[in-house]
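Input: a single structure, listed below in structure tokens.
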Amino acid sequence: MRDCTERYGIHERITDLAELTYDESELRWLATARDGRSWTADAVVLGVGALHQPQLPDILGLDTFEGPVLHSALWPAADDELTGKRVAVVGTGASSVQLVPALAPRAQQLHVFQRTAAWILPKHDNELSSRRQVAYRAVPGLQRAVRWATYWQLESRVLAFARYPKAMRLVERISLRHLARSVRDPQVRARLTPDYTFGCKRVLVSSDYWSAFDRDDVEIVTDGIARVERNAVVTVDGTRREVEAIVLGTGFNITGSFERIEIRGVGGASLADSWSSGMVTNLGITVAGHPELYFLLGPNTALGHSSVVMMIEFATKYVLQCLERARVTAAPHVATSGAQVDFTAEMRRRSKGTVWASGCRSWYLDRFGNNTTVWPGSTLSYWWRTRRVDPTHFEPVPARLPVPAQSVPASAEGETIVPQQF
């Protein structure tokens with residue numbers, strides 16, 4: 001990514017966006033950076049991502065801790081000064097799967113505080129043999145064939161995620177065998193064993209995370225944290241563990257990327273207010289009341305079974321079609337409320353019966369219990385839906401539009417949805 005920014009000369013064009021406001025008289029967006037600079041634009045594409053705004057835990061006394069408190073996404077560029085220290089790691093998700101194996105050999109003692117155990121599969125990272133490299137060079141199309149085989153292997157997993165969650169029991173056995181091979185102590189294994197359906201929370205991939213708990217200097221703690229003192233972490237059972245540093249593997253605020261930008265569409269309507277009862281879009285790309293505003297990797301376009309890079313590429317091609325339409329017609333367009341309501345209802349309906357709705361608590365679900373993160377289907381089906389822009393999903397923007405009404409209720413059932421009226 002750094003190479004691309006340098007090669008195409010875009011590094012100096014990167015800035016921290018603070019506000020986006022739609023000017024109905026000019027039919028253009030006004031973009032304002034945090035340093036005060038501003039631009040106008042016919043269209044805005046928000047590729048702000050979801051997993052980079054750190055989620056800091058609300059733990060009593062954390063601000064009184066005298067040692068370093070590090071979040072995985074805010075790691076110091078210089079020495080982290082954790083070698084030889086007694087360290088507490090809070091969280092056991094995707095961040096900790098990377099942190100714990102790296103910190104275990106360095107720390108004097110590692111206490112890992114777990115709220116929910118994670119399903120983990122071994123990581124099959126193998127070096128390509130010289131024979132295979134020669135074959136790739138010598139046989140035209142072989143590498144592409146292997147790539148397609150990998151794609152279809154991953155794509156087939158959507159059947160278990162979205163259609164037949166009971167099929168996950170087979171994968172659970174594979175994961176539990178990996179756990180049994182990694183950890184000898186049966187009591188430690190019991191603490192590390194998940195009690196929910198495989199895939200309900202993010203599936204992790206690691207060959208060295210569980211084995212780190214086979215060390216005498218690494219402890220898994222399943223009691224909740226009551227408070228942090230100036231030099232210790234105290235759990236609800238009253239146990240006090242003295243530590244010299246705290247590492248937060250507590251993940252990210254998936255809506256934080258949007259919340260940190262003040263976005264106001266037609267009539268000054270705030271996107272945050274429109275999403276107060278949950279994020280609603282059409283195809284995860286457009287939102288009613290916000291003309292020529294597009295999302296990449298927006299709501300309901302993440303995946304649990306394959307690569308989201310494809311989802312971004314599909315959305316990008318869709319956005320390019322929309323931009324070309326605006327250029328040819330010399331008129332901005334806005335997503336209709338009907339298309340948005342239909343898509344939101346579809347996502348709620350299709351999410352029922354999937355593994356993500358099987359009962360666990362995960363960041364895939366919003367505070368109302370609705371899946372607003374994952375596409376409940378195959379990448380092939382998303383490609384089909386976005387390959388061409390449906391003109392009935394949009395309408396031209398007149399000089400002025402009334403403020404759109406709130407359309408989606410907070411209910412997780414999502415059976416009754418009243419369309420926005422323009």
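Ordered as shown in the structure tokens, chains take letters A, B, and onward, while each chain numbers its residues from 1 and ligands are numbered from 1 in the order shown.
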
Do a neighbour search on segment 94-102 of chain A at 7 Å with only C-alpha atoms, toss out local chain neighbours closer than 3 positions, and write the hits as a VMD selection string. chain A and resid 72 91 105 204 206 208 to 209 212 249 251

Please identify which residues in segment 34-181 of chain A DSSP calls strand (DSSP E or B) from the backbone, and express them as a short mmCIF file (atom, residue, chain, number, x, y, z; two decimals) with C-alpha atoms, in the first residue's frame.
data_model
loop_
_atom_site.label_atom_id
_atom_site.label_comp_id
_atom_site.auth_asym_id
_atom_site.auth_seq_id
_atom_site.Cartn_x
_atom_site.Cartn_y
_atom_site.Cartn_z
CA SER A 38 -12.00 22.16 2.10
CA TRP A 39 -13.01 20.89 -1.34
CA THR A 40 -16.21 20.47 -3.33
CA ALA A 41 -17.04 17.26 -5.17
CA VAL A 44 -17.87 11.02 -2.58
CA VAL A 45 -16.66 7.43 -2.16
CA LEU A 46 -16.07 6.43 1.46
CA PRO A 54 -9.62 1.13 18.45
CA VAL A 69 -1.29 0.57 28.56
CA LEU A 70 -0.95 -0.46 24.90
CA HIS A 71 -3.68 -1.18 22.37
CA ARG A 86 4.59 -9.08 34.06
CA VAL A 87 1.96 -8.35 31.40
CA ALA A 88 -1.83 -8.54 31.35
CA VAL A 89 -3.49 -9.11 27.97
CA VAL A 90 -7.18 -8.16 27.84
CA GLN A 109 4.61 -13.69 33.16
CA LEU A 110 1.58 -13.33 30.88
CA HIS A 111 -1.99 -13.19 32.22
CA VAL A 112 -4.56 -13.41 29.41
CA PHE A 113 -8.07 -12.27 30.40
CA ILE A 120 -9.40 -21.54 16.06
CA LEU A 121 -8.17 -23.49 13.06
#

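Here the question is which of A:Ile263, A:Val221, A:Leu74, A:Met168 gets nearest to Ser358 of chain A using only C-alpha atoms, and that residue is A:Met168.
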
I want to know what sits within 10 Å of Ala335 of chain A, based on only C-alpha atoms, with residues of the same chain fewer than 4 positions away left out; could you give that as a PDB file with N, CA and C atoms, in the first residue's frame?
ATOM      1  N   THR A 281     -28.703   0.592   4.312  1.00  0.00           N
ATOM      2  CA  THR A 281     -28.203   1.000   3.000  1.00  0.00           C
ATOM      3  C   THR A 281     -28.925   0.198   1.933  1.00  0.00           C
ATOM      4  N   ASN A 282     -28.554   0.428   0.701  1.00  0.00           N
ATOM      5  CA  ASN A 282     -28.916  -0.476  -0.382  1.00  0.00           C
ATOM      6  C   ASN A 282     -27.633  -1.098  -0.913  1.00  0.00           C
ATOM      7  N   ILE A 285     -23.848  -0.066  -0.317  1.00  0.00           N
ATOM      8  CA  ILE A 285     -23.082   0.902  -1.113  1.00  0.00           C
ATOM      9  C   ILE A 285     -23.695   2.287  -1.070  1.00  0.00           C
ATOM     10  N   THR A 286     -25.028   2.395  -1.150  1.00  0.00           N
ATOM     11  CA  THR A 286     -25.677   3.701  -1.187  1.00  0.00           C
ATOM     12  C   THR A 286     -26.642   3.844  -0.025  1.00  0.00           C
ATOM     13  N   VAL A 287     -26.965   5.098   0.311  1.00  0.00           N
ATOM     14  CA  VAL A 287     -27.883   5.363   1.406  1.00  0.00           C
ATOM     15  C   VAL A 287     -28.851   6.470   0.994  1.00  0.00           C
ATOM     16  N   ALA A 288     -30.132   6.274   1.298  1.00  0.00           N
ATOM     17  CA  ALA A 288     -31.161   7.252   0.926  1.00  0.00           C
ATOM     18  C   ALA A 288     -30.883   8.597   1.589  1.00  0.00           C
ATOM     19  N   GLY A 289     -31.193   9.678   0.854  1.00  0.00           N
ATOM     20  CA  GLY A 289     -31.013  11.020   1.395  1.00  0.00           C
ATOM     21  C   GLY A 289     -29.606  11.565   1.259  1.00  0.00           C
ATOM     22  N   HIS A 290     -28.696  10.777   0.657  1.00  0.00           N
ATOM     23  CA  HIS A 290     -27.301  11.220   0.507  1.00  0.00           C
ATOM     24  C   HIS A 290     -26.874  10.995  -0.941  1.00  0.00           C
ATOM     25  N   PRO A 291     -27.131  11.975  -1.804  1.00  0.00           N
ATOM     26  CA  PRO A 291     -26.866  11.811  -3.237  1.00  0.00           C
ATOM     27  C   PRO A 291     -25.389  11.606  -3.547  1.00  0.00           C
ATOM     28  N   GLU A 292     -25.140  10.717  -4.499  1.00  0.00           N
ATOM     29  CA  GLU A 292     -23.775  10.478  -4.994  1.00  0.00           C
ATOM     30  C   GLU A 292     -22.777  10.244  -3.853  1.00  0.00           C
ATOM     31  N   LEU A 293     -23.244   9.548  -2.820  1.00  0.00           N
ATOM     32  CA  LEU A 293     -22.377   9.116  -1.716  1.00  0.00           C
ATOM     33  C   LEU A 293     -22.326   7.596  -1.754  1.00  0.00           C
ATOM     34  N   ALA A 339     -35.750   1.099  -2.212  1.00  0.00           N
ATOM     35  CA  ALA A 339     -34.673   0.132  -2.421  1.00  0.00           C
ATOM     36  C   ALA A 339     -33.939  -0.143  -1.116  1.00  0.00           C
ATOM     37  N   GLN A 340     -33.723   0.900  -0.332  1.00  0.00           N
ATOM     38  CA  GLN A 340     -33.031   0.747   0.953  1.00  0.00           C
ATOM     39  C   GLN A 340     -33.852  -0.093   1.927  1.00  0.00           C
ATOM     40  N   PRO A 391     -31.637   0.833 -12.435  1.00  0.00           N
ATOM     41  CA  PRO A 391     -32.057   2.244 -12.454  1.00  0.00           C
ATOM     42  C   PRO A 391     -33.242   2.530 -11.540  1.00  0.00           C
ATOM     43  N   THR A 392     -34.031   1.508 -11.209  1.00  0.00           N
ATOM     44  CA  THR A 392     -35.180   1.741 -10.323  1.00  0.00           C
ATOM     45  C   THR A 392     -34.750   1.971  -8.875  1.00  0.00           C
ATOM     46  N   HIS A 393     -33.488   1.721  -8.557  1.00  0.00           N
ATOM     47  CA  HIS A 393     -32.974   1.936  -7.199  1.00  0.00           C
ATOM     48  C   HIS A 393     -32.559   3.381  -6.971  1.00  0.00           C
ATOM     49  N   PHE A 394     -32.652   4.211  -8.021  1.00  0.00           N
ATOM     50  CA  PHE A 394     -32.194   5.600  -7.914  1.00  0.00           C
ATOM     51  C   PHE A 394     -33.238   6.543  -8.502  1.00  0.00           C
ATOM     52  N   GLU A 395     -33.108   7.802  -8.113  1.00  0.00           N
ATOM     53  CA  GLU A 395     -33.910   8.853  -8.721  1.00  0.00           C
ATOM     54  C   GLU A 395     -33.051  10.103  -8.850  1.00  0.00           C
ATOM     55  N   PRO A 396     -33.288  10.917  -9.868  1.00  0.00           N
ATOM     56  CA  PRO A 396     -32.509  12.156 -10.012  1.00  0.00           C
ATOM     57  C   PRO A 396     -32.737  13.075  -8.817  1.00  0.00           C
ATOM     58  N   VAL A 397     -31.747  13.878  -8.523  1.00  0.00           N
ATOM     59  CA  VAL A 397     -31.849  14.799  -7.396  1.00  0.00           C
ATOM     60  C   VAL A 397     -32.384  16.135  -7.892  1.00  0.00           C
TER      61      VAL A 397
END

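For Pro194 of chain A, the residues within 10 Å (counting only C-alpha atoms, excluding itself and residues fewer than 3 positions away along the chain) are A:Thr116, A:Ala117, A:Ala118, A:Trp119, A:Ile120, A:Glu172, A:Leu176, A:Arg189, A:Ala190, A:Arg191, A:Thr197, A:Phe198.
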
9 Å contact set for Leu303 of chain A, only C-alpha atoms, chain neighbours under 2 positions out, as a list in words: Asn300, Thr301, His305, Ser306, Ser307, Val308, Met311, Thr373, Val374, Trp375, Pro376, Gly377, Ser378 and Thr379 of chain A

Expected file: the selected residues, N, CA and C atoms, as a short mmCIF file (atom, residue, chain, number, x, y, z; two decimals), in the first residue's frame:
data_model
loop_
_atom_site.label_atom_id
_atom_site.label_comp_id
_atom_site.auth_asym_id
_atom_site.auth_seq_id
_atom_site.Cartn_x
_atom_site.Cartn_y
_atom_site.Cartn_z
N ASN A 300 -23.10 -4.82 5.80
CA ASN A 300 -23.52 -6.09 5.20
C ASN A 300 -22.72 -6.49 3.98
N THR A 301 -21.45 -6.09 3.93
CA THR A 301 -20.61 -6.55 2.82
C THR A 301 -19.33 -7.23 3.30
N HIS A 305 -16.49 -16.18 5.27
CA HIS A 305 -16.02 -17.41 4.63
C HIS A 305 -14.99 -17.20 3.53
N SER A 306 -14.81 -15.97 3.05
CA SER A 306 -13.90 -15.76 1.93
C SER A 306 -13.27 -14.37 2.05
N SER A 307 -12.67 -13.91 0.96
CA SER A 307 -11.93 -12.66 0.99
C SER A 307 -12.81 -11.46 0.67
N VAL A 308 -12.77 -10.45 1.54
CA VAL A 308 -13.55 -9.24 1.31
C VAL A 308 -12.97 -8.39 0.18
N MET A 311 -15.35 -8.38 -2.53
CA MET A 311 -16.53 -7.56 -2.26
C MET A 311 -16.22 -6.08 -2.54
N THR A 373 -23.26 -6.41 9.49
CA THR A 373 -21.86 -6.50 9.10
C THR A 373 -21.62 -7.46 7.95
N VAL A 374 -22.17 -8.68 8.06
CA VAL A 374 -21.81 -9.76 7.14
C VAL A 374 -22.84 -9.91 6.03
N TRP A 375 -22.34 -10.17 4.82
CA TRP A 375 -23.20 -10.51 3.70
C TRP A 375 -23.65 -11.97 3.88
N PRO A 376 -24.97 -12.21 4.04
CA PRO A 376 -25.44 -13.57 4.35
C PRO A 376 -25.60 -14.42 3.10
N GLY A 377 -24.54 -14.51 2.33
CA GLY A 377 -24.61 -15.28 1.09
C GLY A 377 -23.23 -15.45 0.49
N SER A 378 -23.19 -15.89 -0.74
CA SER A 378 -21.93 -16.14 -1.42
C SER A 378 -21.39 -14.88 -2.07
N THR A 379 -20.11 -14.88 -2.37
CA THR A 379 -19.53 -13.76 -3.12
C THR A 379 -20.09 -13.74 -4.54
#

Write out as a PyMOL selection string the residues lying within 7 Å of Leu17 of chain A, counting only C-alpha atoms and excluding same-chain residues fewer than 5 positions away. chain A and resi 32-34+261

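Nearest to Trp363 of chain A of all the residues A:Asn253, A:Ser277, A:Gln133, A:Thr336 is A:Asn253, based on only C-alpha atoms.
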
Could you go through segment 107-326 of chain A and tell me which residues DSSP, when run on the backbone, assigns to alpha helix (DSSP H), listing them as a ChimeraX atom specification? /A:130-138,142-155,158,168-182,186-192,209-212,256-259,271-274,308-326

Could you check which of A:Leu248, A:Ala162, A:Val234, A:Leu20 is closest to Gly353 of chain A, using only C-alpha atoms? A:Ala162

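Candidate residues A:Thr344, A:Thr372, A:Ser129, A:Gln55 were compared for distance to Ala357 of chain A, and the nearest is A:Thr372, using only C-alpha atoms.
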
Figure out the distance between atom CA of Gln153 of chain A and atom CA of Val139 of chain A, please, to one decimal in Å. 22.0 Å

Tell me which of A:Thr239, A:Val228, A:Phe314, A:Pro122 sits closest to Ser211 of chain A, counting only C-alpha atoms. A:Pro122

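Of the residues listed (A:Val334, A:Gly67, A:Asp195, A:Phe252), A:Val334 shows the shortest atom-to-atom separation from Gly265 of chain A; distances use only C-alpha atoms.
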
Would you pick out the contacts of Val188 of chain A at 9 Å or less, using only C-alpha atoms, so that residues sharing its chain but fewer than 3 positions from it are not included, and give the list as an mmCIF file with C-alpha atoms, in the first residue's frame?
data_model
loop_
_atom_site.group_PDB
_atom_site.id
_atom_site.type_symbol
_atom_site.label_atom_id
_atom_site.label_comp_id
_atom_site.auth_asym_id
_atom_site.auth_seq_id
_atom_site.Cartn_x
_atom_site.Cartn_y
_atom_site.Cartn_z
ATOM 1 C CA VAL A 183 -2.583 -27.848 25.240
ATOM 2 C CA ARG A 184 -1.837 -30.760 27.582
ATOM 3 C CA ASP A 185 -3.619 -29.542 30.732
ATOM 4 C CA ARG A 191 -11.284 -22.823 29.603
ATOM 5 C CA LEU A 192 -10.214 -22.437 25.982
ATOM 6 C CA THR A 193 -13.126 -24.480 24.584
ATOM 7 C CA PHE A 213 -1.047 -21.618 27.025
ATOM 8 C CA ASP A 214 0.968 -24.822 27.406
ATOM 9 C CA GLU A 219 -2.163 -18.025 32.401
ATOM 10 C CA ILE A 220 -5.669 -17.982 30.945
#
